[in-house]
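Asker: File name start-v1.pdb; file contents PDB, C-alpha atoms; full text below.
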MODEL        1
ATOM      1  CA  MET O   1    -307.700  74.823 -95.240
ATOM      2  CA  LYS O   2    -304.682  75.792 -93.142
ATOM      3  CA  ILE O   3    -304.536  72.280 -91.708
ATOM      4  CA  TYR O   4    -304.342  70.743 -95.208
ATOM      5  CA  LEU O   5    -301.664  73.267 -96.215
ATOM      6  CA  VAL O   6    -299.538  72.419 -93.157
ATOM      7  CA  PHE O   7    -299.963  68.702 -93.899
ATOM      8  CA  PHE O   8    -298.954  69.192 -97.553
ATOM      9  CA  ILE O   9    -295.826  71.179 -96.604
ATOM     10  CA  ALA O  10    -294.848  68.528 -94.026
ATOM     11  CA  VAL O  11    -295.189  65.730 -96.582
ATOM     12  CA  LEU O  12    -293.220  67.736 -99.151
ATOM     13  CA  PHE O  13    -290.434  68.416 -96.625
ATOM     14  CA  PHE O  14    -290.298  64.759 -95.589
ATOM     15  CA  SER O  15    -290.118  63.592 -99.214
ATOM     16  CA  CYS O  16    -287.359  66.030-100.108
ATOM     17  CA  SER O  17    -285.289  65.320 -97.011
ATOM     18  CA  HIS O  18    -285.175  61.554 -97.626
ATOM     19  CA  LYS O  19    -283.147  60.258-100.517
ATOM     20  CA  LYS O  20    -284.843  58.074-103.103
ATOM     21  CA  THR O  21    -284.025  54.364-102.827
ATOM     22  CA  ALA O  22    -281.379  53.226-105.315
ATOM     23  CA  THR O  23    -282.993  51.383-108.244
ATOM     24  CA  SER O  24    -279.714  50.313-109.883
ATOM     25  CA  SER O  25    -276.268  49.453-108.541
ATOM     26  CA  ASP O  26    -274.878  52.590-110.188
ATOM     27  CA  GLU O  27    -276.986  54.702-107.800
ATOM     28  CA  ILE O  28    -275.565  53.050-104.661
ATOM     29  CA  GLU O  29    -273.519  55.615-102.749
ATOM     30  CA  ASN O  30    -273.236  54.222 -99.228
ATOM     31  CA  ALA O  31    -273.743  51.072 -97.151
ATOM     32  CA  HIS O  32    -277.355  51.972 -96.394
ATOM     33  CA  ASP O  33    -278.090  52.201-100.129
ATOM     34  CA  PHE O  34    -276.301  48.900-100.653
ATOM     35  CA  ILE O  35    -278.374  47.071 -98.027
ATOM     36  CA  THR O  36    -281.624  48.720 -99.190
ATOM     37  CA  PHE O  37    -280.916  47.451-102.724
ATOM     38  CA  PHE O  38    -281.540  43.868-101.544
ATOM     39  CA  PRO O  39    -285.219  42.801-101.529
ATOM     40  CA  PRO O  40    -286.673  41.680 -98.148
ATOM     41  CA  LEU O  41    -287.234  37.959 -97.576
ATOM     42  CA  PRO O  42    -289.868  36.274 -95.363
ATOM     43  CA  LEU O  43    -288.945  33.920 -92.521
ATOM     44  CA  PRO O  44    -288.580  31.012 -92.547
ATOM     45  CA  PHE O  45    -286.653  31.245 -95.813
ATOM     46  CA  GLN O  46    -285.219  28.283 -97.729
ATOM     47  CA  PHE O  47    -283.599  27.927-101.138
ATOM     48  CA  THR O  48    -281.743  25.331-103.213
ATOM     49  CA  ASP O  49    -278.856  25.383-105.664
ATOM     50  CA  THR O  50    -281.398  25.802-108.475
ATOM     51  CA  LEU O  51    -280.925  29.532-107.761
ATOM     52  CA  PHE O  52    -277.803  29.309-109.894
ATOM     53  CA  ARG O  53    -279.954  28.599-112.949
ATOM     54  CA  HIS O  54    -282.000  31.792-112.635
ATOM     55  CA  HIS O  55    -280.292  35.171-112.807
ATOM     56  CA  GLU O  56    -283.148  37.200-114.274
ATOM     57  CA  ARG O  57    -284.950  37.302-110.899
ATOM     58  CA  ASP O  58    -281.935  38.759-109.094
ATOM     59  CA  SER O  59    -280.136  42.071-109.578
ATOM     60  CA  LEU O  60    -276.538  42.122-110.796
ATOM     61  CA  ILE O  61    -274.258  44.424-108.772
ATOM     62  CA  SER O  62    -270.946  45.560-110.183
ATOM     63  CA  TYR O  63    -267.942  44.105-108.369
ATOM     64  CA  LYS O  64    -266.555  47.630-108.088
ATOM     65  CA  THR O  65    -269.604  48.586-106.020
ATOM     66  CA  VAL O  66    -269.581  45.394-103.951
ATOM     67  CA  GLU O  67    -265.954  45.731-102.823
ATOM     68  CA  LYS O  68    -266.747  49.142-101.310
ATOM     69  CA  PHE O  69    -268.855  47.415 -98.655
ATOM     70  CA  ILE O  70    -267.686  43.775 -98.581
ATOM     71  CA  PRO O  71    -263.959  42.948 -98.275
ATOM     72  CA  ASP O  72    -262.453  41.398-101.408
ATOM     73  CA  SER O  73    -261.037  38.608 -99.210
ATOM     74  CA  VAL O  74    -264.570  37.187 -98.760
ATOM     75  CA  PHE O  75    -264.594  36.140-102.433
ATOM     76  CA  SER O  76    -260.868  35.656-103.122
ATOM     77  CA  LEU O  77    -260.733  33.008-100.383
ATOM     78  CA  HIS O  78    -262.869  30.707-102.551
ATOM     79  CA  PHE O  79    -262.498  32.014-106.119
ATOM     80  CA  GLY O  80    -258.801  32.886-105.980
ATOM     81  CA  LYS O  81    -256.873  36.138-105.786
ATOM     82  CA  GLY O  82    -257.700  38.594-108.548
ATOM     83  CA  VAL O  83    -260.822  36.710-109.665
ATOM     84  CA  ARG O  84    -263.956  38.851-109.765
ATOM     85  CA  PRO O  85    -267.101  36.716-109.875
ATOM     86  CA  LYS O  86    -270.423  38.165-110.959
ATOM     87  CA  ILE O  87    -272.419  39.190-107.885
ATOM     88  CA  TYR O  88    -276.211  38.947-107.721
ATOM     89  CA  THR O  89    -278.615  39.878-104.942
ATOM     90  CA  VAL O  90    -280.845  37.157-103.513
ATOM     91  CA  GLY O  91    -282.418  39.040-100.599
ATOM     92  CA  LYS O  92    -282.069  40.202 -97.003
ATOM     93  CA  ILE O  93    -283.317  39.424 -93.504
ATOM     94  CA  VAL O  94    -283.395  42.382 -91.105
ATOM     95  CA  VAL O  95    -283.299  41.838 -87.340
ATOM     96  CA  LYS O  96    -285.073  44.871 -85.875
ATOM     97  CA  LYS O  97    -282.624  47.270 -84.148
ATOM     98  CA  ASN O  98    -279.842  44.786 -84.764
ATOM     99  CA  GLU O  99    -277.951  43.068 -87.574
ATOM    100  CA  THR O 100    -278.962  42.528 -91.205
ATOM    101  CA  TYR O 101    -278.257  39.361 -93.203
ATOM    102  CA  LEU O 102    -277.676  39.622 -96.950
ATOM    103  CA  PHE O 103    -277.860  36.577 -99.210
ATOM    104  CA  VAL O 104    -275.478  36.989-102.138
ATOM    105  CA  LYS O 105    -274.958  34.822-105.201
ATOM    106  CA  ALA O 106    -271.426  34.774-106.676
ATOM    107  CA  ILE O 107    -270.902  33.190-110.106
ATOM    108  CA  GLY O 108    -267.420  32.370-111.379
ATOM    109  CA  THR O 109    -266.167  30.409-114.381
ATOM    110  CA  ALA O 110    -265.840  27.078-112.568
ATOM    111  CA  LYS O 111    -267.451  27.766-109.195
ATOM    112  CA  LYS O 112    -270.774  29.089-107.885
ATOM    113  CA  ILE O 113    -271.318  30.094-104.260
ATOM    114  CA  ILE O 114    -274.177  31.531-102.222
ATOM    115  CA  TYR O 115    -273.026  33.509 -99.178
ATOM    116  CA  ILE O 116    -274.763  34.889 -96.136
ATOM    117  CA  ILE O 117    -273.167  38.200 -95.204
ATOM    118  CA  CYS O 118    -273.836  40.044 -91.960
ATOM    119  CA  PHE O 119    -273.879  43.815 -91.420
ATOM    120  CA  ASP O 120    -274.275  45.300 -87.945
ATOM    121  CA  LYS O 121    -276.904  47.836 -86.883
ATOM    122  CA  ASP O 122    -274.590  50.637 -88.089
ATOM    123  CA  ASP O 123    -274.490  49.091 -91.597
ATOM    124  CA  LYS O 124    -270.888  47.888 -91.244
ATOM    125  CA  PHE O 125    -269.675  44.537 -92.574
ATOM    126  CA  VAL O 126    -269.099  42.001 -89.773
ATOM    127  CA  ALA O 127    -268.849  38.445 -91.102
ATOM    128  CA  SER O 128    -269.563  36.133 -94.026
ATOM    129  CA  LEU O 129    -270.263  32.435 -94.497
ATOM    130  CA  PRO O 130    -270.554  30.343 -97.702
ATOM    131  CA  LEU O 131    -273.798  28.352 -97.562
ATOM    132  CA  ILE O 132    -273.812  26.620-100.941
ATOM    133  CA  ASN O 133    -270.638  25.816-102.868
ATOM    134  CA  SER O 134    -271.501  24.252-106.219
ATOM    135  CA  GLU O 135    -268.711  22.990-108.461
ATOM    136  CA  GLY O 136    -270.935  21.450-111.111
ATOM    137  CA  ASP O 137    -271.316  17.899-109.775
ATOM    138  CA  PRO O 138    -274.804  16.826-111.013
ATOM    139  CA  SER O 139    -275.056  14.109-108.316
ATOM    140  CA  VAL O 140    -274.903  16.693-105.506
ATOM    141  CA  ASN O 141    -277.759  18.961-104.399
ATOM    142  CA  TRP O 142    -277.770  21.727-101.781
ATOM    143  CA  VAL O 143    -280.507  23.185 -99.567
ATOM    144  CA  ALA O 144    -279.952  26.176 -97.256
ATOM    145  CA  GLY O 145    -281.959  28.732 -95.328
ATOM    146  CA  MET O 146    -282.833  30.533 -92.113
ATOM    147  CA  ASP O 147    -285.628  29.841 -89.620
ATOM    148  CA  ASN O 148    -287.741  32.176 -87.464
ATOM    149  CA  LYS O 149    -285.042  32.223 -84.743
ATOM    150  CA  TYR O 150    -282.333  33.306 -87.237
ATOM    151  CA  THR O 151    -280.707  29.881 -87.133
ATOM    152  CA  ILE O 152    -278.878  29.159 -90.376
ATOM    153  CA  SER O 153    -278.614  25.710 -91.939
ATOM    154  CA  THR O 154    -277.094  24.216 -95.067
ATOM    155  CA  THR O 155    -277.448  20.638 -96.287
ATOM    156  CA  ARG O 156    -275.452  18.751 -98.914
ATOM    157  CA  GLN O 157    -277.282  15.798-100.471
ATOM    158  CA  HIS O 158    -276.102  13.118-102.890
ATOM    159  CA  LYS O 159    -277.377   9.771-104.154
ATOM    160  CA  SER O 160    -275.400   6.545-104.121
ATOM    161  CA  THR O 161    -275.223   4.230-107.130
ATOM    162  CA  ASN O 162    -278.130   2.187-105.704
ATOM    163  CA  GLY O 163    -280.290   5.308-105.335
ATOM    164  CA  GLN O 164    -279.953   5.816-101.568
ATOM    165  CA  LEU O 165    -279.997   9.476-100.497
ATOM    166  CA  PHE O 166    -277.186  10.587 -98.192
ATOM    167  CA  TYR O 167    -276.878  13.976 -96.534
ATOM    168  CA  ARG O 168    -274.643  16.090 -94.336
ATOM    169  CA  ARG O 169    -276.139  19.083 -92.515
ATOM    170  CA  TRP O 170    -274.456  22.028 -90.769
ATOM    171  CA  VAL O 171    -276.292  24.457 -88.453
ATOM    172  CA  TYR O 172    -274.927  27.897 -87.491
ATOM    173  CA  VAL O 173    -275.858  30.910 -85.389
ATOM    174  CA  PHE O 174    -274.449  34.427 -85.413
ATOM    175  CA  ASN O 175    -273.032  35.072 -81.929
ATOM    176  CA  ASP O 176    -272.283  38.149 -79.821
ATOM    177  CA  ALA O 177    -268.593  37.931 -80.773
ATOM    178  CA  GLY O 178    -269.539  38.812 -84.355
ATOM    179  CA  THR O 179    -268.901  35.421 -85.964
ATOM    180  CA  PHE O 180    -270.939  32.581 -87.411
ATOM    181  CA  THR O 181    -270.607  29.614 -85.029
ATOM    182  CA  LEU O 182    -271.228  25.999 -85.975
ATOM    183  CA  ILE O 183    -273.570  24.539 -83.334
ATOM    184  CA  LEU O 184    -274.614  21.246 -84.910
ATOM    185  CA  THR O 185    -273.642  18.731 -87.574
ATOM    186  CA  GLU O 186    -275.574  15.633 -88.551
ATOM    187  CA  SER O 187    -275.269  13.056 -91.289
ATOM    188  CA  ASN O 188    -276.467   9.636 -92.388
ATOM    189  CA  GLU O 189    -273.301   8.980 -94.387
ATOM    190  CA  SER O 190    -271.581   5.731 -93.521
ATOM    191  CA  ARG O 191    -268.390   6.022 -91.500
ATOM    192  CA  PRO O 192    -265.528   3.556 -91.199
ATOM    193  CA  LYS O 193    -265.442   1.694 -87.894
ATOM    194  CA  ASN O 194    -262.363   0.934 -85.827
ATOM    195  CA  PHE O 195    -260.209   3.591 -87.481
ATOM    196  CA  GLU O 196    -256.979   4.402 -85.694
ATOM    197  CA  ILE O 197    -257.344   7.063 -82.999
ATOM    198  CA  ILE O 198    -254.398   9.428 -82.793
ATOM    199  CA  ASN O 199    -253.971  11.172 -79.451
ATOM    200  CA  PRO O 200    -252.470  14.593 -80.340
ATOM    201  CA  ILE O 201    -251.392  15.381 -76.752
ATOM    202  CA  ASP O 202    -250.031  11.955 -75.789
ATOM    203  CA  THR O 203    -246.381  13.027 -75.547
ATOM    204  CA  LEU O 204    -246.974  16.241 -73.575
ATOM    205  CA  SER O 205    -245.841  16.623 -69.953
ATOM    206  CA  HIS O 206    -248.100  15.241 -67.190
ATOM    207  CA  LYS O 207    -246.752  16.256 -63.801
ATOM    208  CA  HIS O 208    -249.984  17.760 -62.380
ATOM    209  CA  LYS O 209    -251.690  15.458 -59.854
ATOM    210  CA  PHE O 210    -254.786  15.069 -62.063
ATOM    211  CA  THR O 211    -252.993  14.490 -65.372
ATOM    212  CA  GLY O 212    -252.843  11.098 -67.018
ATOM    213  CA  ASP O 213    -255.110   8.888 -69.139
ATOM    214  CA  TYR O 214    -258.632   8.060 -67.976
ATOM    215  CA  VAL O 215    -260.353   5.242 -69.852
ATOM    216  CA  GLN O 216    -263.505   3.201 -70.264
ATOM    217  CA  ASP O 217    -261.980   1.166 -73.093
ATOM    218  CA  LYS O 218    -259.598   1.640 -76.022
ATOM    219  CA  ARG O 219    -262.041   3.857 -77.938
ATOM    220  CA  ASN O 220    -263.452   5.849 -75.029
ATOM    221  CA  PHE O 221    -260.886   7.858 -73.118
ATOM    222  CA  ILE O 222    -259.868  11.255 -71.743
ATOM    223  CA  SER O 223    -256.228  12.354 -71.819
ATOM    224  CA  VAL O 224    -255.180  15.128 -69.450
ATOM    225  CA  ARG O 225    -251.826  16.891 -69.714
ATOM    226  CA  ASP O 226    -250.084  19.870 -68.067
ATOM    227  CA  GLY O 227    -251.318  23.323 -69.035
ATOM    228  CA  LYS O 228    -249.511  26.661 -69.138
ATOM    229  CA  ASN O 229    -249.635  26.805 -65.320
ATOM    230  CA  SER O 230    -251.199  24.902 -62.412
ATOM    231  CA  SER O 231    -254.602  26.525 -63.027
ATOM    232  CA  TYR O 232    -254.948  24.885 -66.464
ATOM    233  CA  VAL O 233    -254.761  21.442 -68.059
ATOM    234  CA  ILE O 234    -254.886  20.368 -71.684
ATOM    235  CA  ILE O 235    -257.528  17.769 -72.462
ATOM    236  CA  PHE O 236    -258.252  15.424 -75.369
ATOM    237  CA  VAL O 237    -261.499  13.443 -75.368
ATOM    238  CA  HIS O 238    -262.565  10.696 -77.741
ATOM    239  CA  PHE O 239    -265.727   8.641 -77.291
ATOM    240  CA  GLU O 240    -267.812   6.236 -79.364
ATOM    241  CA  LYS O 241    -271.319   5.099 -78.434
ATOM    242  CA  ASP O 242    -273.979   2.857 -79.982
ATOM    243  CA  ASP O 243    -271.466   0.523 -81.605
ATOM    244  CA  GLY O 244    -269.566   3.442 -83.100
ATOM    245  CA  GLU O 245    -272.617   5.102 -84.660
ATOM    246  CA  CYS O 246    -272.280   8.162 -82.404
ATOM    247  CA  LYS O 247    -268.864   9.744 -81.917
ATOM    248  CA  GLY O 248    -267.388  12.792 -80.247
ATOM    249  CA  GLU O 249    -263.977  14.383 -79.997
ATOM    250  CA  LEU O 250    -262.735  17.446 -78.163
ATOM    251  CA  LYS O 251    -259.314  19.015 -77.699
ATOM    252  CA  GLY O 252    -258.450  22.191 -75.829
ATOM    253  CA  GLU O 253    -257.585  23.928 -72.601
ATOM    254  CA  ALA O 254    -259.599  23.496 -69.389
ATOM    255  CA  ARG O 255    -259.316  25.891 -66.456
ATOM    256  CA  PHE O 256    -259.764  24.782 -62.836
ATOM    257  CA  ILE O 257    -262.882  26.348 -61.307
ATOM    258  CA  SER O 258    -262.325  24.598 -57.973
ATOM    259  CA  SER O 259    -259.631  22.462 -56.396
ATOM    260  CA  SER O 260    -260.848  19.328 -58.215
ATOM    261  CA  ALA O 261    -262.978  20.546 -61.129
ATOM    262  CA  ALA O 262    -261.902  22.002 -64.484
ATOM    263  CA  ARG O 263    -264.019  23.518 -67.245
ATOM    264  CA  TYR O 264    -263.474  23.559 -70.996
ATOM    265  CA  LYS O 265    -264.833  26.695 -72.658
ATOM    266  CA  GLY O 266    -263.490  27.476 -76.124
ATOM    267  CA  ASN O 267    -263.019  30.881 -77.729
ATOM    268  CA  GLY O 268    -266.038  31.662 -79.942
ATOM    269  CA  ASP O 269    -267.334  28.153 -79.186
ATOM    270  CA  PRO O 270    -270.640  27.658 -77.308
ATOM    271  CA  CYS O 271    -269.423  24.278 -76.035
ATOM    272  CA  ILE O 272    -268.824  23.958 -72.270
ATOM    273  CA  VAL O 273    -267.719  20.688 -70.626
ATOM    274  CA  ASP O 274    -266.939  20.122 -66.933
ATOM    275  CA  PHE O 275    -264.387  17.595 -65.644
ATOM    276  CA  SER O 276    -264.663  16.561 -61.979
ATOM    277  CA  PHE O 277    -261.622  14.690 -60.661
ATOM    278  CA  GLY O 278    -261.606  12.076 -57.904
ATOM    279  CA  ASP O 279    -258.725  10.020 -56.516
ATOM    280  CA  ASN O 280    -258.453   7.872 -59.636
ATOM    281  CA  THR O 281    -261.422   8.952 -61.739
ATOM    282  CA  VAL O 282    -262.784  11.844 -63.761
ATOM    283  CA  ARG O 283    -266.449  12.478 -64.479
ATOM    284  CA  MET O 284    -267.221  14.385 -67.669
ATOM    285  CA  ARG O 285    -270.440  16.377 -68.107
ATOM    286  CA  GLU O 286    -271.575  18.476 -71.063
ATOM    287  CA  VAL O 287    -272.935  21.793 -69.787
ATOM    288  CA  GLU O 288    -273.775  23.591 -73.003
ATOM    289  CA  GLY O 289    -274.030  23.190 -76.801
ATOM    290  CA  CYS O 290    -271.190  20.920 -78.038
ATOM    291  CA  GLY O 291    -272.972  19.826 -81.215
ATOM    292  CA  ASN O 292    -270.038  20.908 -83.381
ATOM    293  CA  HIS O 293    -267.790  18.350 -81.585
ATOM    294  CA  ARG O 294    -270.096  15.315 -81.609
ATOM    295  CA  ASP O 295    -272.938  13.588 -83.417
ATOM    296  CA  ILE O 296    -276.484  14.690 -82.711
ATOM    297  CA  LYS O 297    -277.692  11.763 -80.560
ATOM    298  CA  CYS O 298    -274.911  11.613 -77.955
ATOM    299  CA  PHE O 299    -273.243  13.870 -75.404
ATOM    300  CA  PHE O 300    -269.956  14.371 -73.570
ATOM    301  CA  ASP O 301    -270.621  12.524 -70.316
ATOM    302  CA  GLY O 302    -269.622   9.512 -68.233
ATOM    303  CA  LEU O 303    -267.156   8.287 -65.621
ATOM    304  CA  TYR O 304    -263.599   7.370 -66.646
ATOM    305  CA  VAL O 305    -261.014   5.500 -64.549
ATOM    306  CA  LYS O 306    -257.362   6.534 -64.431
ATOM    307  CA  LYS O 307    -255.064   4.140 -66.226
ATOM    308  CA  LYS O 308    -252.053   2.909 -64.277
ATOM    309  CA  GLU O 309    -248.797   3.959 -65.827
ATOM    310  CA  ALA O 310    -246.425   1.178 -66.762
ATOM    311  CA  LYS O 311    -243.350   1.286 -64.583
ATOM    312  CA  PRO O 312    -240.127   1.605 -66.552
ATOM    313  CA  LYS O 313    -238.119  -1.615 -66.599
ATOM    314  CA  PRO O 314    -234.862  -1.435 -64.647
ATOM    315  CA  ALA O 315    -231.766  -1.279 -66.818
ATOM    316  CA  LYS O 316    -229.933  -4.581 -67.128
ATOM    317  CA  LYS O 317    -226.565  -4.735 -65.491
ATOM    318  CA  LYS O 318    -223.718  -5.408 -67.833
ATOM    319  CA  ASN O 319    -221.503  -8.388 -66.990
ATOM    320  CA  LYS O 320    -218.029  -7.336 -66.140
TER     321      LYS O 320
ENDMDL
END
Would you mind writing the file's structure down as structure tokens?

Answerer:
Amino acid sequence: MKIYLVFFIAVLFFSCSHKKTATSSDEIENAHDFITFFPPLPLPFQFTDTLFRHHERDSLISYKTVEKFIPDSVFSLHFGKGVRPKIYTVGKIVVKKNETYLFVKAIGTAKKIIYIICFDKDDKFVASLPLINSEGDPSVNWVAGMDNKYTISTTRQHKSTNGQLFYRRWVYVFNDAGTFTLILTESNESRPKNFEIINPIDTLSHKHKFTGDYVQDKRNFISVRDGKNSSYVIIFVHFEKDDGECKGELKGEARFISSSAARYKGNGDPCIVDFSFGDNTVRMREVEGCGNHRDIKCFFDGLYVKKKEAKPKPAKKKNK
């Protein structure tokens, strides 16, 4: 009998010491309540823009409550300053002992957006990303979701006049720096061939011994220019493979990791590319994830030969 009494008192104490889960947005008092208010979702999880047609399945949260936990700038960036869209819950994915992802539906007068919003393990807002941005075009459809490895994808689809389906897909991960990083893009949309390539660093100084233009042909080249000091160079890469069906482009700063090798490694960018310089060549090699700078079926690689600089023509002597 005493054992049952002790058990009953323990259960009663536990129940009283833990607050009841909020059942309406008016009962939300803190970030934990806010996150708990979202229903859990299974992985893998995928949804389409048909979610905008159904509000009765999702809970409406007052904007006044939302802005306590999510910065107003998340929504004003897309809806405009001072605009307060209606906010609905879609669901949440919880990474055990780590971050939580909330899927939020925002409905405005002329625009509808589904966001993924990340909170850290201490229930603090970290980052947001719009996954579906519908502006009412009936020819466009969206599909988005998250897989078992917490990789996020969103796909925009549309049909041509002859009924062919075209798509563009973006894939993201949430990184240790606390941002959503684009790691891959792919598309079957047609692209114009032989467009003009503009070299954004062409006119910069090139006094370093390895600077100059390294080429394979007119549409495959690496430009190298002086950096902030002798330990850095600025690089611009453009390549086209498979008759222009696979393209890549990269611009940024590369740091020398040895006397003849430099490495590109962007801030908040998983892409890493090595450049190994010879007497009149540079070999490029992709080390890690540069999918956000190129098409899916090609990589940053290959040997490029230094282009000889045209010697300036001597000034003509004026006849006396």

Asker: Enumerate, as a list in words, the residues matched when the PyMOL selection byres ((chain O and resi 290) around 7) is run on the file above.

Answerer: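 The output of the PyMOL selection byres ((chain O and resi 290) around 7) on this file is Ile183, Pro270, Cys271, Ile272, Glu288, Gly289, Gly291, Asn292, His293 and Arg294 of chain O.
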
Asker: Any chance you could export the current selection's C-alpha atoms as a PDB file, in the frame of the given file?

Answerer:
ATOM      1  CA  ILE O 183    -273.570  24.539 -83.334  1.00  0.00           C
ATOM      2  CA  PRO O 270    -270.640  27.658 -77.308  1.00  0.00           C
ATOM      3  CA  CYS O 271    -269.423  24.278 -76.035  1.00  0.00           C
ATOM      4  CA  ILE O 272    -268.824  23.958 -72.270  1.00  0.00           C
ATOM      5  CA  GLU O 288    -273.775  23.591 -73.003  1.00  0.00           C
ATOM      6  CA  GLY O 289    -274.030  23.190 -76.801  1.00  0.00           C
ATOM      7  CA  GLY O 291    -272.972  19.826 -81.215  1.00  0.00           C
ATOM      8  CA  ASN O 292    -270.038  20.908 -83.381  1.00  0.00           C
ATOM      9  CA  HIS O 293    -267.790  18.350 -81.585  1.00  0.00           C
ATOM     10  CA  ARG O 294    -270.096  15.315 -81.609  1.00  0.00           C
TER      11      ARG O 294
END

Asker: Any idea what's packed within 7 Å of range 211-213 of chain O, counting only C-alpha atoms, ignoring anything in its chain fewer than 2 positions away? Could you give it as a list in words?

Answerer: His206, Lys207, His208, Lys209, Val215, Ile222, Ser223, Val224, Arg225, Asp226, Lys306 and Lys307 of chain O

Asker: Would you save the residues of that selection, restricted to C-alpha atoms, as a PDB file, keeping the file's coordinate frame?

Answerer:
ATOM      1  CA  HIS O 206    -248.100  15.241 -67.190  1.00  0.00           C
ATOM      2  CA  LYS O 207    -246.752  16.256 -63.801  1.00  0.00           C
ATOM      3  CA  HIS O 208    -249.984  17.760 -62.380  1.00  0.00           C
ATOM      4  CA  LYS O 209    -251.690  15.458 -59.854  1.00  0.00           C
ATOM      5  CA  VAL O 215    -260.353   5.242 -69.852  1.00  0.00           C
ATOM      6  CA  ILE O 222    -259.868  11.255 -71.743  1.00  0.00           C
ATOM      7  CA  SER O 223    -256.228  12.354 -71.819  1.00  0.00           C
ATOM      8  CA  VAL O 224    -255.180  15.128 -69.450  1.00  0.00           C
ATOM      9  CA  ARG O 225    -251.826  16.891 -69.714  1.00  0.00           C
ATOM     10  CA  ASP O 226    -250.084  19.870 -68.067  1.00  0.00           C
ATOM     11  CA  LYS O 306    -257.362   6.534 -64.431  1.00  0.00           C
ATOM     12  CA  LYS O 307    -255.064   4.140 -66.226  1.00  0.00           C
TER      13      LYS O 307
END

Asker: Which one of O:Phe75, O:Phe38, O:Phe69, O:Phe300 sits closest to Gly248 in chain O if you count only C-alpha atoms?

Answerer: O:Phe300

Asker: Given the choices O:Leu60, O:Leu102, O:Val233, O:Val66, which gets closest to Pro40 in chain O if the distance is worked out from all atoms listed in the file?

Answerer: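 Once distances to Pro40 in chain O are computed over all atoms listed in the file, the minimum belongs to O:Leu102.
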
Asker: Go through the shown structure with the PyMOL selection byres ((chain O and resi 173) around 12) and write out the matching residues as a VMD selection string.

Answerer: chain O and resid 101 116 118 127 to 129 145 to 147 149 to 154 170 to 172 174 to 184 268 to 270 289 292

Asker: For the structure shown, which residues end up in the PyMOL selection byres ((chain O and resi 244-247) around 8)? Put them as a list of chain:residue names, please?

Answerer: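 On the file shown, the PyMOL selection byres ((chain O and resi 244-247) around 8) covers O:Lys193, O:His238, O:Phe239, O:Glu240, O:Lys241, O:Asp242, O:Asp243, O:Gly248, O:Glu249, O:Arg294, O:Asp295, O:Ile296, O:Lys297, O:Cys298.
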
Asker: Give me the residues near Tyr232 in chain O as a ChimeraX atom specification, where near means some atom within 7 Å (using all atoms listed in the file) and where sequence neighbours in that chain fewer than 6 positions away do not count.

Answerer: /O:253-256

Asker: Just the selected residues (C-alpha atoms), exported as a tab-separated table (two decimals), in the coordinates of the input, please.

Answerer:
chain	number	residue	atom	x	y	z
O	253	GLU	CA	-257.58	23.93	-72.60
O	254	ALA	CA	-259.60	23.50	-69.39
O	255	ARG	CA	-259.32	25.89	-66.46
O	256	PHE	CA	-259.76	24.78	-62.84

Asker: Show which residues sit within 9 Å of Ile35 in chain O, as a list of chain:residue names. Count all atoms listed in the file, and ignore same-chain residues fewer than 5 positions away.

Answerer: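 So, after excluding close chain neighbours, the residues are O:Asn30, O:Lys92, O:Thr100, O:Leu102, O:Phe119, O:Asp123.
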
Asker: Print the selection's residues with C-alpha atoms to a file, as a PDB file, in the frame of the given file.

Answerer:
ATOM      1  CA  ASN O  30    -273.236  54.222 -99.228  1.00  0.00           C
ATOM      2  CA  LYS O  92    -282.069  40.202 -97.003  1.00  0.00           C
ATOM      3  CA  THR O 100    -278.962  42.528 -91.205  1.00  0.00           C
ATOM      4  CA  LEU O 102    -277.676  39.622 -96.950  1.00  0.00           C
ATOM      5  CA  PHE O 119    -273.879  43.815 -91.420  1.00  0.00           C
ATOM      6  CA  ASP O 123    -274.490  49.091 -91.597  1.00  0.00           C
TER       7      ASP O 123
END

Asker: Closest to Leu51 in chain O among O:Val126, O:Val305, O:Ala110, O:Val143, using all atoms listed in the file?

Answerer: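 Ranking O:Val126, O:Val305, O:Ala110, O:Val143 by distance to Leu51 in chain O, first place goes to O:Val143.
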
Asker: For CA of Asp217 in chain O and CA of Asn188 in chain O, determine how far apart the two atoms are, in Å to one decimal place.

Answerer: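 Computing it gives 25.6 Å between the two atoms.
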